[in-house]
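With mmCIF, C-alpha atoms; chains and numbers go by the auth columns inside, this is my_file33.cif:
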```
data_model
#
loop_
_atom_site.group_PDB
_atom_site.id
_atom_site.type_symbol
_atom_site.label_atom_id
_atom_site.label_comp_id
_atom_site.label_asym_id
_atom_site.label_seq_id
_atom_site.Cartn_x
_atom_site.Cartn_y
_atom_site.Cartn_z
_atom_site.B_iso_or_equiv
_atom_site.auth_seq_id
_atom_site.auth_asym_id
ATOM 1 C CA LEU A 1 -70.147 52.263 29.280 0.00 1 A
ATOM 2 C CA PHE A 2 -68.970 48.936 27.976 0.00 2 A
ATOM 3 C CA CYS A 3 -67.261 49.362 24.616 0.00 3 A
ATOM 4 C CA CYS A 4 -68.922 46.618 22.645 0.00 4 A
ATOM 5 C CA THR A 5 -71.665 44.027 22.709 0.00 5 A
ATOM 6 C CA THR A 6 -71.882 40.490 21.431 0.00 6 A
ATOM 7 C CA ARG A 7 -73.147 40.201 17.900 0.00 7 A
ATOM 8 C CA GLU A 8 -75.273 37.172 17.119 0.00 8 A
ATOM 9 C CA THR A 9 -73.551 34.808 14.735 0.00 9 A
ATOM 10 C CA SER A 10 -74.975 33.568 11.472 0.00 10 A
ATOM 11 C CA LYS A 11 -76.823 30.277 11.342 0.00 11 A
ATOM 12 C CA SER A 12 -74.753 29.249 8.310 0.00 12 A
ATOM 13 C CA TYR A 13 -72.571 26.302 9.252 0.00 13 A
ATOM 14 C CA GLN A 14 -70.727 25.926 5.972 0.00 14 A
ATOM 15 C CA MET A 15 -67.002 25.939 6.458 0.00 15 A
ATOM 16 C CA ILE A 16 -64.227 27.850 4.720 0.00 16 A
ATOM 17 C CA LEU A 17 -62.062 25.079 3.243 0.00 17 A
ATOM 18 C CA GLN A 18 -63.433 25.716 -0.239 0.00 18 A
ATOM 19 C CA TYR A 19 -62.218 29.341 -0.040 0.00 19 A
ATOM 20 C CA ILE A 20 -58.667 28.806 1.210 0.00 20 A
ATOM 21 C CA ASN A 21 -56.861 28.424 -2.122 0.00 21 A
ATOM 22 C CA ALA A 22 -58.465 31.554 -3.561 0.00 22 A
ATOM 23 C CA LEU A 23 -57.733 33.544 -0.410 0.00 23 A
ATOM 24 C CA ASN A 24 -54.086 32.462 -0.312 0.00 24 A
ATOM 25 C CA ALA A 25 -53.659 33.172 -4.038 0.00 25 A
ATOM 26 C CA SER A 26 -55.189 36.638 -3.818 0.00 26 A
ATOM 27 C CA THR A 27 -52.787 39.528 -4.379 0.00 27 A
ATOM 28 C CA LYS A 28 -55.404 41.955 -3.089 0.00 28 A
ATOM 29 C CA TRP A 29 -55.950 40.606 0.418 0.00 29 A
ATOM 30 C CA ARG A 30 -53.421 40.184 3.210 0.00 30 A
ATOM 31 C CA VAL A 31 -54.328 38.136 6.289 0.00 31 A
ATOM 32 C CA VAL A 32 -52.746 39.215 9.572 0.00 32 A
ATOM 33 C CA LEU A 33 -52.945 37.396 12.908 0.00 33 A
ATOM 34 C CA ALA A 34 -52.717 39.919 15.744 0.00 34 A
ATOM 35 C CA SER A 35 -51.272 37.437 18.212 0.00 35 A
ATOM 36 C CA LYS A 36 -47.875 36.062 19.142 0.00 36 A
ATOM 37 C CA SER A 37 -49.505 32.970 20.660 0.00 37 A
ATOM 38 C CA PRO A 38 -47.933 29.851 19.110 0.00 38 A
ATOM 39 C CA ARG A 39 -51.147 27.964 19.842 0.00 39 A
ATOM 40 C CA ARG A 40 -53.301 30.351 17.809 0.00 40 A
ATOM 41 C CA GLN A 41 -50.738 30.389 15.028 0.00 41 A
ATOM 42 C CA GLU A 42 -50.749 26.591 14.857 0.00 42 A
ATOM 43 C CA ILE A 43 -54.549 26.373 14.844 0.00 43 A
ATOM 44 C CA LEU A 44 -54.882 28.944 12.062 0.00 44 A
ATOM 45 C CA ARG A 45 -52.069 27.337 10.083 0.00 45 A
ATOM 46 C CA ASN A 46 -53.802 23.952 10.331 0.00 46 A
ATOM 47 C CA LEU A 47 -56.762 25.497 8.480 0.00 47 A
ATOM 48 C CA GLY A 48 -54.429 26.119 5.555 0.00 48 A
ATOM 49 C CA ILE A 49 -54.604 29.909 5.805 0.00 49 A
ATOM 50 C CA GLU A 50 -51.448 31.847 4.936 0.00 50 A
ATOM 51 C CA PHE A 51 -50.939 34.813 7.242 0.00 51 A
ATOM 52 C CA ASP A 52 -48.449 37.254 8.728 0.00 52 A
ATOM 53 C CA VAL A 53 -48.039 37.698 12.471 0.00 53 A
ATOM 54 C CA VAL A 54 -48.203 41.212 13.906 0.00 54 A
ATOM 55 C CA ALA A 55 -48.471 41.101 17.687 0.00 55 A
ATOM 56 C CA SER A 56 -50.755 43.694 19.216 0.00 56 A
ATOM 57 C CA THR A 57 -49.303 46.376 21.488 0.00 57 A
ATOM 58 C CA PHE A 58 -52.668 47.108 23.095 0.00 58 A
ATOM 59 C CA GLU A 59 -52.376 47.184 26.881 0.00 59 A
ATOM 60 C CA GLU A 60 -54.943 44.766 28.264 0.00 60 A
ATOM 61 C CA ASN A 61 -56.143 47.107 30.976 0.00 61 A
ATOM 62 C CA ILE A 62 -59.897 47.256 30.412 0.00 62 A
ATOM 63 C CA SER A 63 -61.864 47.458 33.645 0.00 63 A
ATOM 64 C CA LYS A 64 -63.491 44.195 34.685 0.00 64 A
ATOM 65 C CA GLU A 65 -65.988 45.849 36.991 0.00 65 A
ATOM 66 C CA GLY A 66 -69.568 45.035 36.014 0.00 66 A
ATOM 67 C CA VAL A 67 -68.402 43.222 32.895 0.00 67 A
ATOM 68 C CA LYS A 68 -69.167 39.584 32.068 0.00 68 A
ATOM 69 C CA GLY A 69 -66.347 37.284 31.048 0.00 69 A
ATOM 70 C CA HIS A 70 -67.341 36.898 27.406 0.00 70 A
ATOM 71 C CA GLU A 71 -67.883 40.647 27.061 0.00 71 A
ATOM 72 C CA TYR A 72 -64.428 41.364 28.436 0.00 72 A
ATOM 73 C CA ALA A 73 -62.832 38.889 26.007 0.00 73 A
ATOM 74 C CA ILE A 74 -64.673 40.395 23.027 0.00 74 A
ATOM 75 C CA CYS A 75 -63.766 43.948 23.955 0.00 75 A
ATOM 76 C CA THR A 76 -60.081 43.110 24.412 0.00 76 A
ATOM 77 C CA ALA A 77 -59.997 41.219 21.098 0.00 77 A
ATOM 78 C CA ARG A 78 -61.666 44.169 19.407 0.00 78 A
ATOM 79 C CA GLU A 79 -59.086 46.654 20.700 0.00 79 A
ATOM 80 C CA LYS A 80 -56.234 44.341 19.663 0.00 80 A
ATOM 81 C CA ALA A 81 -57.626 44.088 16.128 0.00 81 A
ATOM 82 C CA LYS A 82 -58.109 47.839 15.796 0.00 82 A
ATOM 83 C CA GLU A 83 -54.584 48.608 17.027 0.00 83 A
ATOM 84 C CA VAL A 84 -52.931 46.160 14.619 0.00 84 A
ATOM 85 C CA TYR A 85 -55.174 47.179 11.714 0.00 85 A
ATOM 86 C CA HIS A 86 -54.375 50.885 12.011 0.00 86 A
ATOM 87 C CA ARG A 87 -50.659 50.343 12.695 0.00 87 A
ATOM 88 C CA THR A 88 -50.262 47.950 9.768 0.00 88 A
ATOM 89 C CA THR A 89 -52.160 50.318 7.472 0.00 89 A
ATOM 90 C CA ARG A 90 -49.828 53.184 8.418 0.00 90 A
ATOM 91 C CA GLU A 91 -46.738 51.039 7.847 0.00 91 A
ATOM 92 C CA GLU A 92 -47.957 49.970 4.415 0.00 92 A
ATOM 93 C CA GLN A 93 -48.639 53.574 3.455 0.00 93 A
ATOM 94 C CA GLU A 94 -45.132 54.583 4.538 0.00 94 A
ATOM 95 C CA GLN A 95 -43.684 51.757 2.433 0.00 95 A
ATOM 96 C CA LYS A 96 -45.850 52.687 -0.575 0.00 96 A
ATOM 97 C CA LYS A 97 -47.628 49.356 -0.317 0.00 97 A
ATOM 98 C CA LYS A 98 -51.320 48.794 -0.658 0.00 98 A
ATOM 99 C CA SER A 99 -53.320 45.743 0.325 0.00 99 A
ATOM 100 C CA ASN A 100 -56.706 45.088 1.818 0.00 100 A
ATOM 101 C CA LEU A 101 -56.328 43.706 5.296 0.00 101 A
ATOM 102 C CA ILE A 102 -58.058 40.925 7.174 0.00 102 A
ATOM 103 C CA VAL A 103 -56.841 41.211 10.769 0.00 103 A
ATOM 104 C CA ILE A 104 -57.720 38.397 13.161 0.00 104 A
ATOM 105 C CA SER A 105 -57.413 38.817 16.911 0.00 105 A
ATOM 106 C CA ALA A 106 -58.487 36.828 19.945 0.00 106 A
ATOM 107 C CA ASP A 107 -58.474 37.021 23.720 0.00 107 A
ATOM 108 C CA THR A 108 -59.094 34.158 26.133 0.00 108 A
ATOM 109 C CA VAL A 109 -60.085 34.480 29.777 0.00 109 A
ATOM 110 C CA VAL A 110 -61.253 32.100 32.471 0.00 110 A
ATOM 111 C CA GLU A 111 -64.309 32.897 34.578 0.00 111 A
ATOM 112 C CA SER A 112 -64.383 31.222 37.969 0.00 112 A
ATOM 113 C CA PHE A 113 -67.033 31.968 40.594 0.00 113 A
ATOM 114 C CA GLY A 114 -67.846 35.169 38.748 0.00 114 A
ATOM 115 C CA ASN A 115 -64.240 36.386 38.677 0.00 115 A
ATOM 116 C CA ILE A 116 -62.373 36.985 35.418 0.00 116 A
ATOM 117 C CA LEU A 117 -58.943 35.320 35.460 0.00 117 A
ATOM 118 C CA GLU A 118 -56.298 36.292 32.932 0.00 118 A
ATOM 119 C CA LYS A 119 -52.634 35.244 32.942 0.00 119 A
ATOM 120 C CA PRO A 120 -51.159 34.788 36.439 0.00 120 A
ATOM 121 C CA ARG A 121 -49.037 37.676 37.696 0.00 121 A
ATOM 122 C CA ASP A 122 -46.640 35.302 39.454 0.00 122 A
ATOM 123 C CA ILE A 123 -46.390 31.778 40.821 0.00 123 A
ATOM 124 C CA GLN A 124 -48.459 32.647 43.912 0.00 124 A
ATOM 125 C CA ASP A 125 -51.230 33.903 41.663 0.00 125 A
ATOM 126 C CA ALA A 126 -50.989 30.715 39.593 0.00 126 A
ATOM 127 C CA ARG A 127 -51.258 28.597 42.756 0.00 127 A
ATOM 128 C CA ALA A 128 -54.387 30.446 43.852 0.00 128 A
ATOM 129 C CA MET A 129 -55.941 29.842 40.435 0.00 129 A
ATOM 130 C CA MET A 130 -55.188 26.122 40.438 0.00 130 A
ATOM 131 C CA GLU A 131 -56.553 25.740 43.955 0.00 131 A
ATOM 132 C CA LYS A 132 -59.702 27.508 42.835 0.00 132 A
ATOM 133 C CA HIS A 133 -60.038 25.152 39.837 0.00 133 A
ATOM 134 C CA SER A 134 -59.622 22.028 41.997 0.00 134 A
ATOM 135 C CA ASN A 135 -62.814 19.935 42.140 0.00 135 A
ATOM 136 C CA ASN A 136 -64.744 22.746 40.453 0.00 136 A
ATOM 137 C CA SER A 137 -65.990 23.867 37.058 0.00 137 A
ATOM 138 C CA HIS A 138 -65.119 27.112 35.327 0.00 138 A
ATOM 139 C CA LYS A 139 -65.880 28.790 32.030 0.00 139 A
ATOM 140 C CA VAL A 140 -63.364 29.592 29.322 0.00 140 A
ATOM 141 C CA HIS A 141 -64.368 32.510 27.105 0.00 141 A
ATOM 142 C CA THR A 142 -62.589 33.404 23.889 0.00 142 A
ATOM 143 C CA GLY A 143 -63.498 36.634 22.143 0.00 143 A
ATOM 144 C CA VAL A 144 -62.576 36.952 18.475 0.00 144 A
ATOM 145 C CA CYS A 145 -62.563 40.035 16.276 0.00 145 A
ATOM 146 C CA ILE A 146 -62.020 40.143 12.513 0.00 146 A
ATOM 147 C CA ALA A 147 -61.203 43.608 11.147 0.00 147 A
ATOM 148 C CA TYR A 148 -61.332 44.091 7.378 0.00 148 A
ATOM 149 C CA ASN A 149 -61.818 46.882 4.905 0.00 149 A
ATOM 150 C CA THR A 150 -64.175 47.081 1.933 0.00 150 A
ATOM 151 C CA ASN A 151 -64.598 49.604 -0.859 0.00 151 A
ATOM 152 C CA GLU A 152 -61.290 51.349 -0.071 0.00 152 A
ATOM 153 C CA LYS A 153 -62.500 52.400 3.385 0.00 153 A
ATOM 154 C CA THR A 154 -59.882 53.522 5.877 0.00 154 A
ATOM 155 C CA THR A 155 -62.121 52.578 8.804 0.00 155 A
ATOM 156 C CA PRO A 156 -62.382 48.797 9.133 0.00 156 A
ATOM 157 C CA GLU A 157 -65.484 46.713 9.431 0.00 157 A
ATOM 158 C CA LEU A 158 -65.409 44.805 12.703 0.00 158 A
ATOM 159 C CA LYS A 159 -67.029 41.400 13.147 0.00 159 A
ATOM 160 C CA HIS A 160 -66.786 40.076 16.668 0.00 160 A
ATOM 161 C CA PHE A 161 -68.153 37.104 18.581 0.00 161 A
ATOM 162 C CA SER A 162 -67.342 34.871 21.516 0.00 162 A
ATOM 163 C CA GLU A 163 -67.371 31.186 22.375 0.00 163 A
ATOM 164 C CA THR A 164 -67.706 29.643 25.834 0.00 164 A
ATOM 165 C CA THR A 165 -66.593 26.220 27.040 0.00 165 A
ATOM 166 C CA VAL A 166 -67.155 24.760 30.501 0.00 166 A
ATOM 167 C CA VAL A 167 -64.166 22.892 31.940 0.00 167 A
ATOM 168 C CA ASN A 168 -64.606 20.401 34.787 0.00 168 A
ATOM 169 C CA PHE A 169 -61.547 19.812 36.999 0.00 169 A
ATOM 170 C CA ALA A 170 -60.947 16.886 39.316 0.00 170 A
ATOM 171 C CA GLU A 171 -59.688 17.458 42.841 0.00 171 A
ATOM 172 C CA ILE A 172 -56.006 18.373 42.763 0.00 172 A
ATOM 173 C CA GLU A 173 -53.771 17.466 45.690 0.00 173 A
ATOM 174 C CA ARG A 174 -51.306 20.049 46.966 0.00 174 A
ATOM 175 C CA LYS A 175 -48.285 18.014 45.836 0.00 175 A
ATOM 176 C CA GLU A 176 -49.836 17.837 42.358 0.00 176 A
ATOM 177 C CA VAL A 177 -50.215 21.619 42.329 0.00 177 A
ATOM 178 C CA ASP A 178 -46.565 21.930 43.435 0.00 178 A
ATOM 179 C CA ALA A 179 -45.407 19.613 40.655 0.00 179 A
ATOM 180 C CA PHE A 180 -47.484 21.441 38.069 0.00 180 A
ATOM 181 C CA LEU A 181 -46.196 24.859 39.089 0.00 181 A
ATOM 182 C CA ALA A 182 -42.620 23.558 38.866 0.00 182 A
ATOM 183 C CA THR A 183 -43.133 22.941 35.126 0.00 183 A
ATOM 184 C CA ASN A 184 -43.697 26.683 34.552 0.00 184 A
ATOM 185 C CA GLU A 185 -46.498 25.753 32.173 0.00 185 A
ATOM 186 C CA TRP A 186 -48.739 28.212 34.015 0.00 186 A
ATOM 187 C CA THR A 187 -46.887 31.209 32.579 0.00 187 A
ATOM 188 C CA ASP A 188 -48.634 33.102 29.778 0.00 188 A
ATOM 189 C CA LYS A 189 -51.811 31.018 30.162 0.00 189 A
ATOM 190 C CA ALA A 190 -55.252 32.405 30.975 0.00 190 A
ATOM 191 C CA GLY A 191 -56.432 30.830 34.200 0.00 191 A
ATOM 192 C CA GLY A 192 -52.928 29.495 34.894 0.00 192 A
ATOM 193 C CA TYR A 193 -53.016 26.347 32.746 0.00 193 A
ATOM 194 C CA GLY A 194 -53.140 24.972 29.203 0.00 194 A
ATOM 195 C CA ILE A 195 -55.562 22.148 28.531 0.00 195 A
ATOM 196 C CA GLN A 196 -53.206 20.688 25.931 0.00 196 A
ATOM 197 C CA GLY A 197 -50.317 20.314 28.384 0.00 197 A
ATOM 198 C CA TYR A 198 -49.578 18.879 31.830 0.00 198 A
ATOM 199 C CA ALA A 199 -52.853 20.204 33.244 0.00 199 A
ATOM 200 C CA SER A 200 -54.790 17.904 30.897 0.00 200 A
ATOM 201 C CA SER A 201 -54.490 15.221 33.589 0.00 201 A
ATOM 202 C CA PHE A 202 -56.648 17.373 35.896 0.00 202 A
ATOM 203 C CA VAL A 203 -59.502 17.788 33.400 0.00 203 A
ATOM 204 C CA LYS A 204 -62.424 15.394 33.886 0.00 204 A
ATOM 205 C CA GLY A 205 -64.286 16.713 30.876 0.00 205 A
ATOM 206 C CA ILE A 206 -65.458 19.747 28.966 0.00 206 A
ATOM 207 C CA GLU A 207 -68.736 21.048 27.606 0.00 207 A
ATOM 208 C CA GLY A 208 -68.145 22.818 24.313 0.00 208 A
ATOM 209 C CA ASP A 209 -65.297 23.456 21.885 0.00 209 A
ATOM 210 C CA TYR A 210 -61.908 22.045 22.908 0.00 210 A
ATOM 211 C CA PHE A 211 -60.037 24.458 20.643 0.00 211 A
ATOM 212 C CA ASN A 212 -61.758 27.334 22.397 0.00 212 A
ATOM 213 C CA VAL A 213 -59.986 26.316 25.618 0.00 213 A
ATOM 214 C CA VAL A 214 -56.691 26.145 23.734 0.00 214 A
ATOM 215 C CA GLY A 215 -57.319 29.733 22.670 0.00 215 A
ATOM 216 C CA PHE A 216 -59.103 29.851 19.319 0.00 216 A
ATOM 217 C CA PRO A 217 -62.630 28.559 18.542 0.00 217 A
ATOM 218 C CA VAL A 218 -62.063 27.048 15.102 0.00 218 A
ATOM 219 C CA HIS A 219 -65.659 26.227 14.191 0.00 219 A
ATOM 220 C CA ALA A 220 -67.141 29.585 15.154 0.00 220 A
ATOM 221 C CA PHE A 221 -64.252 31.410 13.455 0.00 221 A
ATOM 222 C CA SER A 222 -64.693 29.419 10.238 0.00 222 A
ATOM 223 C CA ARG A 223 -68.405 30.165 10.212 0.00 223 A
ATOM 224 C CA GLU A 224 -67.870 33.905 10.612 0.00 224 A
ATOM 225 C CA LEU A 225 -64.930 34.127 8.200 0.00 225 A
ATOM 226 C CA LYS A 226 -67.022 32.457 5.502 0.00 226 A
ATOM 227 C CA ILE A 227 -69.568 35.284 5.774 0.00 227 A
ATOM 228 C CA ILE A 228 -66.781 37.845 5.311 0.00 228 A
ATOM 229 C CA LEU A 229 -65.223 36.003 2.359 0.00 229 A
ATOM 230 C CA ASP A 230 -68.594 35.898 0.650 0.00 230 A
ATOM 231 C CA GLU A 231 -69.011 39.617 1.315 0.00 231 A
ATOM 232 C CA ILE A 232 -65.623 40.635 -0.113 0.00 232 A
ATOM 233 C CA GLY A 233 -65.942 38.374 -3.144 0.00 233 A
ATOM 234 C CA ILE A 234 -63.440 35.579 -2.506 0.00 234 A
ATOM 235 C CA ASP A 235 -64.618 32.735 -4.749 0.00 235 A
ATOM 236 C CA SER A 236 -65.143 29.235 -3.430 0.00 236 A
ATOM 237 C CA MET A 237 -64.054 26.127 -5.319 0.00 237 A
#
```
Please express what this file holds, its structure, as structure tokens.
Amino acid sequence: LFCCTTRETSKSYQMILQYINALNASTKWRVVLASKSPRRQEILRNLGIEFDVVASTFEENISKEGVKGHEYAICTAREKAKEVYHRTTREEQEQKKKSNLIVISADTVVESFGNILEKPRDIQDARAMMEKHSNNSHKVHTGVCIAYNTNEKTTPELKHFSETTVVNFAEIERKEVDAFLATNEWTDKAGGYGIQGYASSFVKGIEGDYFNVVGFPVHAFSRELKIILDEIGIDSM
């Protein structure tokens, strides 16, 4: 059975800026980003949140069979968050440290013609992806999981959600694909491209959150984090 389902998000659209100073000043809470992605780090840093980076060691090998794109992204993000949460907790215990954790993880995939596309295996795989994108639309799903502990629990609370953006590509000529692949920008990118880089010239438009395509849906994350900060008692300004 599929390991998790999408939880409906709150209708509260208040943002988290009024909480940032109190969160950063807290000696009780430690924020951890479970991602080595420089793009996610930059996005989170631009919100003003202070955090440590602990890359997840979870092997992204969940079966895609019978699973929708957004479900796959959520489940992978969830497993990343759990792995980093438990590993970081063990390390703190070994070092005689004690802090309450807020672990943030994310996973981005592209869904094209019903197929889930992750990072290309090699340049041939990247070429096939770009040819599939040419003159077509695809969906970009980012699953996010926030793991945190309350009331001295060792088992974390898990809040997870996903965001979907539709990306519309223009027709790409073969020589344009060749030139793009030569940049090596396709490496380590879901769907074989980054919307913020060279491939931006192929994008006719999007429907949804731009930052979601980059790899982290800022608005949806802020909305959900606010609910958690209210729950754990971080005061707003």
What are the closest atom pairs, with distances in Å to one decimal, for each residue of stretch 74-182 of chain A lying within 12 Å of stretch 48-53 of chain A, using only C-alpha atoms, rows by chain and rising residue number, as a Markdown table?
```
| residue | atom | partner | partner_atom | distance |
| --- | --- | --- | --- | --- |
| A:Val84 | CA | A:Val53 | CA | 10.0 |
| A:Tyr85 | CA | A:Val53 | CA | 11.9 |
| A:Thr88 | CA | A:Val53 | CA | 10.8 |
| A:Leu101 | CA | A:Phe51 | CA | 10.6 |
| A:Ile102 | CA | A:Phe51 | CA | 9.4 |
| A:Val103 | CA | A:Phe51 | CA | 9.4 |
| A:Ile104 | CA | A:Phe51 | CA | 9.7 |
| A:Ser105 | CA | A:Val53 | CA | 10.4 |
```
Counting only C-alpha atoms, what is within 9 Å of stretch 66-83 of chain A, bar same-chain residues fewer than 4 positions away, as an mmCIF file with C-alpha atoms, in the coordinates of the input?
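Result went into out_33.cif, see below:
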```cif
data_model
loop_
_atom_site.group_PDB
_atom_site.id
_atom_site.type_symbol
_atom_site.label_atom_id
_atom_site.label_comp_id
_atom_site.auth_asym_id
_atom_site.auth_seq_id
_atom_site.Cartn_x
_atom_site.Cartn_y
_atom_site.Cartn_z
ATOM 1 C CA PHE A 2 -68.970 48.936 27.976
ATOM 2 C CA CYS A 3 -67.261 49.362 24.616
ATOM 3 C CA CYS A 4 -68.922 46.618 22.645
ATOM 4 C CA THR A 5 -71.665 44.027 22.709
ATOM 5 C CA THR A 6 -71.882 40.490 21.431
ATOM 6 C CA LEU A 33 -52.945 37.396 12.908
ATOM 7 C CA ALA A 34 -52.717 39.919 15.744
ATOM 8 C CA SER A 35 -51.272 37.437 18.212
ATOM 9 C CA ALA A 55 -48.471 41.101 17.687
ATOM 10 C CA SER A 56 -50.755 43.694 19.216
ATOM 11 C CA THR A 57 -49.303 46.376 21.488
ATOM 12 C CA PHE A 58 -52.668 47.108 23.095
ATOM 13 C CA GLU A 59 -52.376 47.184 26.881
ATOM 14 C CA GLU A 60 -54.943 44.766 28.264
ATOM 15 C CA ASN A 61 -56.143 47.107 30.976
ATOM 16 C CA ILE A 62 -59.897 47.256 30.412
ATOM 17 C CA ARG A 87 -50.659 50.343 12.695
ATOM 18 C CA THR A 88 -50.262 47.950 9.768
ATOM 19 C CA VAL A 103 -56.841 41.211 10.769
ATOM 20 C CA ILE A 104 -57.720 38.397 13.161
ATOM 21 C CA SER A 105 -57.413 38.817 16.911
ATOM 22 C CA ALA A 106 -58.487 36.828 19.945
ATOM 23 C CA ASP A 107 -58.474 37.021 23.720
ATOM 24 C CA THR A 108 -59.094 34.158 26.133
ATOM 25 C CA VAL A 109 -60.085 34.480 29.777
ATOM 26 C CA VAL A 110 -61.253 32.100 32.471
ATOM 27 C CA GLU A 111 -64.309 32.897 34.578
ATOM 28 C CA GLY A 114 -67.846 35.169 38.748
ATOM 29 C CA ASN A 115 -64.240 36.386 38.677
ATOM 30 C CA ILE A 116 -62.373 36.985 35.418
ATOM 31 C CA LEU A 117 -58.943 35.320 35.460
ATOM 32 C CA LYS A 139 -65.880 28.790 32.030
ATOM 33 C CA VAL A 140 -63.364 29.592 29.322
ATOM 34 C CA HIS A 141 -64.368 32.510 27.105
ATOM 35 C CA THR A 142 -62.589 33.404 23.889
ATOM 36 C CA GLY A 143 -63.498 36.634 22.143
ATOM 37 C CA VAL A 144 -62.576 36.952 18.475
ATOM 38 C CA CYS A 145 -62.563 40.035 16.276
ATOM 39 C CA ILE A 146 -62.020 40.143 12.513
ATOM 40 C CA ALA A 147 -61.203 43.608 11.147
ATOM 41 C CA PRO A 156 -62.382 48.797 9.133
ATOM 42 C CA LEU A 158 -65.409 44.805 12.703
ATOM 43 C CA LYS A 159 -67.029 41.400 13.147
ATOM 44 C CA HIS A 160 -66.786 40.076 16.668
ATOM 45 C CA PHE A 161 -68.153 37.104 18.581
ATOM 46 C CA SER A 162 -67.342 34.871 21.516
ATOM 47 C CA GLU A 163 -67.371 31.186 22.375
ATOM 48 C CA THR A 164 -67.706 29.643 25.834
#
```
Point-to-point distance from atom CA of A:Glu131 to atom CA of A:Val166, Å rounded to tenths: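 Calculated distance between atom CA of A:Glu131 and atom CA of A:Val166 is 17.2 Å.
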Among listed residues A:Lys119, A:His138, A:Arg127, A:Lys28, nearest A:Lys98 (using all atoms listed in the file):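 Using all atoms listed in the file, the shortest distance to A:Lys98 belongs to A:Lys28.
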Residues returned when the PyMOL selection byres ((chain A and resi 228-236) around 6) runs on this file, as a VMD selection string: chain A and resid 18 to 19 225 to 227 237
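Take atom CA of A:Ser37 and atom CA of A:Lys175: the distance between them is 29.3 Å.
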Straight-line distance linking atom CA of A:Glu207 with atom CA of A:Asn168, stated in Å to one decimal: 8.3 Å
Counting all atoms listed in the file, I want the residues whose atoms come within 7 Å of (-50.5, 25.7, 36.4) in the file frame, returned as a tab-separated table (two decimals) with C-alpha atoms, in the frame of the given file.
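What landed in point_4.tsv:
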```
chain	number	residue	atom	x	y	z
A	126	ALA	CA	-50.99	30.72	39.59
A	130	MET	CA	-55.19	26.12	40.44
A	180	PHE	CA	-47.48	21.44	38.07
A	181	LEU	CA	-46.20	24.86	39.09
A	185	GLU	CA	-46.50	25.75	32.17
A	186	TRP	CA	-48.74	28.21	34.02
A	192	GLY	CA	-52.93	29.50	34.89
A	193	TYR	CA	-53.02	26.35	32.75
A	199	ALA	CA	-52.85	20.20	33.24
```
Close residues, A:Met15 itself excluded, 8 Å, all atoms listed in the file, min 2 positions apart in chain, as a PDB file with C-alpha atoms, in the coordinates of the input:
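Result file around-v6.pdb:
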```pdb
ATOM      1  CA  TYR A  13     -72.571  26.302   9.252  1.00  0.00           C
ATOM      2  CA  LEU A  17     -62.062  25.079   3.243  1.00  0.00           C
ATOM      3  CA  GLN A  18     -63.433  25.716  -0.239  1.00  0.00           C
ATOM      4  CA  HIS A 219     -65.659  26.227  14.191  1.00  0.00           C
ATOM      5  CA  SER A 222     -64.693  29.419  10.238  1.00  0.00           C
ATOM      6  CA  ARG A 223     -68.405  30.165  10.212  1.00  0.00           C
ATOM      7  CA  LYS A 226     -67.022  32.457   5.502  1.00  0.00           C
TER       8      LYS A 226
END
```
Protein/DNA/RNA residues near (-53.7, 16.4, 33.5), cut 12 Å, only C-alpha atoms, as a PyMOL selection string: chain A and resi 134+168-172+176-177+179-180+185+193-205
Among the residues A:Asn212, A:Ile206, A:Phe221, A:Val31, the one that comes closest to A:Ile16 [using all atoms listed in the file]: A:Phe221
First collect every listed atom of stretch 145-148 of chain A; then fit an axis-aligned box around them, widen it by 3 Å on each side, and give centre and edge lengths in Å to one decimal, as JSON.
```
{"center_x": -61.9, "center_y": 42.1, "center_z": 11.8, "size_x": 7.4, "size_y": 10.1, "size_z": 14.9}
```
